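Enquirer: Structure below; questions to follow.
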Amino acid sequence: MKINEVEALVGITRKNIRFYEAEGLLSPRRNSQNGYRDYGEAEVEVLRRIKLLRKLGVPLEEIRQMQRSAYTVGDGMRRHLISLERERQNLEAAIRLCGSLTDRRERLEDLDVQALLEEMARMEQEGTTFMNKQKQDTKRRRYVAPVLAAILMAVLMAGLIWLFLWAFQVDPAGAPPLPVLALFVVIPAAVVVGVIIALVQRIREIEQGEEDDAKRY
């Protein structure tokens, strides 16, 4: 199978399949004739196992150890449960702190923020880890570059199409044959369609966030 077939079959993006290959979790064979990767049922099953464990939040290193048979599934899950329990305790601590603020009547500018930050610092010294949403605040910036690139390319190609059609209207006699003109129009139009497809795929990758999530482990 080709990588796009595996992508559709397993439901993991091509970029993340490449990421798992780079991490050593997946090792597809190489076609001796063309050097391309060959994916078979074995690679599909490996990716399904990775997908299952990643959906459960299992870190990459734990998956690697299970793949090497250094851990059984039970060993890996017991280790992962410790991490989940720690996350649960952190979440409960955040819930208690948020709950203590629900009865506060003051506006945000009147809130004694320093006292609350000191309280959170004390809790962190005792082992609590609070969520850091600041990194997620910049996630939307990742949409800017691909969207702008797609818009610029689409405008450029649309301009070329308009230019070809305008030249044909102005001087039909001097214009190239109709099949050639059609080719000049179809090629930029195909580029626009390709850019839109690539943009949709990139947006899905950003929204999925799997690669970024994997890199944290």
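The chains in the structure tokens are called A, B, ... from first to last as shown; in each chain the residues are counted from 1, and the ligands are counted from 1 in the order shown.
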Report as a list in words all protein, DNA and RNA residues lying within 12 Å of A:Gln201, evaluated on only C-alpha atoms, omitting residues in the same chain fewer than 2 positions from it.
Expert: Glu7, Ile12, Thr13, Arg14, Lys15, Tyr143, Pro146, Val147, Gly194, Val195, Ile196, Ile197, Ala198, Leu199, Ile203, Arg204, Glu205, Ile206, Glu207 and Gln208 of chain A
Enquirer: If you run DSSP on the backbone here, which positions in stretch 20-190 of chain A get strand (DSSP E)? Please write them as a PyMOL selection string.
Expert: chain A and resi 29-30+37-38
Enquirer: Hey, can you spit out that residue selection with C-alpha atoms as a compact mmCIF listing (two decimals), in the first residue's frame?
Expert:
```
# COMPACT_ATOMS: atom_id res chain seq x y z
CA ARG A 29 10.13 -1.88 3.87
CA ARG A 30 11.70 -0.13 0.89
CA ARG A 37 8.20 2.78 1.21
CA ASP A 38 5.98 -0.27 1.02
```
Enquirer: Compile the contact shell of stretch 42-44 of chain A as a list in words: residues with an atom at most 9 Å away, counting only C-alpha atoms, same-chain residues fewer than 2 positions apart removed.
Expert: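 Close residues of stretch 42-44 of chain A: Val6, Leu9, Val10, Leu26, Ser27, Pro28, Tyr39, Gly40, Val46, Leu47, Arg48 and Arg49 of chain A.
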Enquirer: Can I get the selection written as a PDB file, in the first residue's frame, with N, CA, C and O atoms?
Expert:
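Below is the file that was written, selection.pdb:
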```pdb
ATOM      1  N   VAL A   6      -2.722   4.024   3.470  1.00  0.00           N
ATOM      2  CA  VAL A   6      -2.600   3.746   4.908  1.00  0.00           C
ATOM      3  C   VAL A   6      -3.247   4.863   5.716  1.00  0.00           C
ATOM      4  O   VAL A   6      -3.928   4.620   6.714  1.00  0.00           O
ATOM      5  N   LEU A   9      -6.890   4.354   5.638  1.00  0.00           N
ATOM      6  CA  LEU A   9      -7.298   3.110   6.293  1.00  0.00           C
ATOM      7  C   LEU A   9      -7.239   3.210   7.814  1.00  0.00           C
ATOM      8  O   LEU A   9      -8.141   2.753   8.515  1.00  0.00           O
ATOM      9  N   VAL A  10      -6.167   3.841   8.326  1.00  0.00           N
ATOM     10  CA  VAL A  10      -5.947   3.874   9.775  1.00  0.00           C
ATOM     11  C   VAL A  10      -6.517   5.144  10.405  1.00  0.00           C
ATOM     12  O   VAL A  10      -6.896   5.148  11.571  1.00  0.00           O
ATOM     13  N   LEU A  26       7.895   2.757  13.666  1.00  0.00           N
ATOM     14  CA  LEU A  26       7.386   2.132  12.451  1.00  0.00           C
ATOM     15  C   LEU A  26       8.527   2.035  11.453  1.00  0.00           C
ATOM     16  O   LEU A  26       9.242   3.019  11.238  1.00  0.00           O
ATOM     17  N   SER A  27       8.697   0.853  10.849  1.00  0.00           N
ATOM     18  CA  SER A  27       9.820   0.646   9.905  1.00  0.00           C
ATOM     19  C   SER A  27       9.321  -0.069   8.653  1.00  0.00           C
ATOM     20  O   SER A  27       9.484  -1.291   8.508  1.00  0.00           O
ATOM     21  N   PRO A  28       8.687   0.673   7.741  1.00  0.00           N
ATOM     22  CA  PRO A  28       8.210   0.034   6.511  1.00  0.00           C
ATOM     23  C   PRO A  28       9.373  -0.393   5.615  1.00  0.00           C
ATOM     24  O   PRO A  28      10.461   0.173   5.678  1.00  0.00           O
ATOM     25  N   TYR A  39       4.024  -0.296   2.432  1.00  0.00           N
ATOM     26  CA  TYR A  39       3.282  -0.545   3.656  1.00  0.00           C
ATOM     27  C   TYR A  39       2.395  -1.770   3.450  1.00  0.00           C
ATOM     28  O   TYR A  39       1.686  -1.882   2.445  1.00  0.00           O
ATOM     29  N   GLY A  40       2.457  -2.682   4.401  1.00  0.00           N
ATOM     30  CA  GLY A  40       1.627  -3.872   4.348  1.00  0.00           C
ATOM     31  C   GLY A  40       0.722  -3.955   5.555  1.00  0.00           C
ATOM     32  O   GLY A  40       0.609  -3.009   6.352  1.00  0.00           O
ATOM     33  N   VAL A  46       0.634  -2.098  13.242  1.00  0.00           N
ATOM     34  CA  VAL A  46       1.491  -1.311  14.139  1.00  0.00           C
ATOM     35  C   VAL A  46       0.894   0.069  14.356  1.00  0.00           C
ATOM     36  O   VAL A  46       0.824   0.563  15.493  1.00  0.00           O
ATOM     37  N   LEU A  47       0.446   0.702  13.282  1.00  0.00           N
ATOM     38  CA  LEU A  47      -0.133   2.039  13.394  1.00  0.00           C
ATOM     39  C   LEU A  47      -1.439   2.013  14.190  1.00  0.00           C
ATOM     40  O   LEU A  47      -1.735   2.948  14.934  1.00  0.00           O
ATOM     41  N   ARG A  48      -2.209   0.959  14.032  1.00  0.00           N
ATOM     42  CA  ARG A  48      -3.441   0.845  14.817  1.00  0.00           C
ATOM     43  C   ARG A  48      -3.122   0.730  16.307  1.00  0.00           C
ATOM     44  O   ARG A  48      -3.807   1.313  17.152  1.00  0.00           O
ATOM     45  N   ARG A  49      -2.077  -0.032  16.636  1.00  0.00           N
ATOM     46  CA  ARG A  49      -1.682  -0.156  18.039  1.00  0.00           C
ATOM     47  C   ARG A  49      -1.196   1.186  18.577  1.00  0.00           C
ATOM     48  O   ARG A  49      -1.523   1.572  19.710  1.00  0.00           O
TER      49      ARG A  49
END
```
Enquirer: Report, in Å to a single decimal, how far apart atom CA of A:Arg54 and atom CA of A:Cys98 are.
Expert: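 Separation of atom CA of A:Cys98 and atom CA of A:Arg54: 29.1 Å.
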Enquirer: Leaving out A:Ser83 and any residue of its chain fewer than 5 positions from it, which residues lie within 10 Å of it when counting only C-alpha atoms, given as an MDAnalysis selection string?
Expert: chainID A and resid 57:59 77:78 88:89
Enquirer: Would you mind exporting the chosen residues as a CSV table (one decimal), in the first residue's frame, restricted to N, CA and C atoms?
Expert:
```
chain,number,residue,atom,x,y,z
A,57,GLY,N,-3.4,8.3,25.7
A,57,GLY,CA,-2.4,9.3,26.3
A,57,GLY,C,-1.1,8.6,26.6
A,58,VAL,N,-0.8,7.4,26.1
A,58,VAL,CA,0.4,6.8,26.5
A,58,VAL,C,1.6,7.5,25.8
A,59,PRO,N,2.6,7.8,26.5
A,59,PRO,CA,3.8,8.5,26.0
A,59,PRO,C,4.5,7.6,24.9
A,77,MET,N,0.6,-0.2,31.1
A,77,MET,CA,-0.6,0.5,31.6
A,77,MET,C,-0.5,0.8,33.1
A,78,ARG,N,0.2,0.0,33.8
A,78,ARG,CA,0.4,0.3,35.2
A,78,ARG,C,1.2,1.6,35.4
A,88,ARG,N,-5.0,13.5,37.4
A,88,ARG,CA,-6.3,13.6,38.0
A,88,ARG,C,-6.1,14.5,39.3
A,89,GLN,N,-5.1,14.2,40.1
A,89,GLN,CA,-4.9,15.0,41.3
A,89,GLN,C,-4.7,16.5,41.0
```
Enquirer: Calculated over only C-alpha atoms, which of the candidates A:Thr102, A:Ser69, A:Asn34, A:Thr129 has the smallest distance to A:Asn90?
Expert: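 Among A:Thr102, A:Ser69, A:Asn34, A:Thr129, it is A:Thr129 that comes nearest to A:Asn90.
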Enquirer: Kindly give the distance, in Å, that separates atom CA of A:Gly127 and atom CA of A:Glu87, rounded to a single decimal.
Expert: 10.8 Å
Enquirer: When distances are computed from only C-alpha atoms, which of A:Asp112, A:Glu45, A:Val185, A:Ala175 shows the smallest separation from A:Met157?
Expert: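 Of A:Asp112, A:Glu45, A:Val185, A:Ala175, the one nearest A:Met157, counting only C-alpha atoms, is A:Val185.
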Enquirer: Enter the distance from atom CA of A:Glu5 to atom CA of A:Ala189, in Å, rounded to one decimal.
Expert: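 Going from atom CA of A:Glu5 over to atom CA of A:Ala189, I get 25.8 Å.
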Enquirer: Of the candidates A:Lys51, A:Arg142, A:Arg64, A:Arg105, which one gets nearest to A:Gly76 if we count only C-alpha atoms?
Expert: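 Of the candidates, the smallest distance to A:Gly76 is held by A:Arg64.
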Enquirer: Which residue, A:Leu60, A:Leu108, A:Met1, A:Leu84, has the smallest gap to A:Phe19 when you use only C-alpha atoms?
Expert: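 Looking at the shortest contact to A:Phe19, the residue is A:Leu60.
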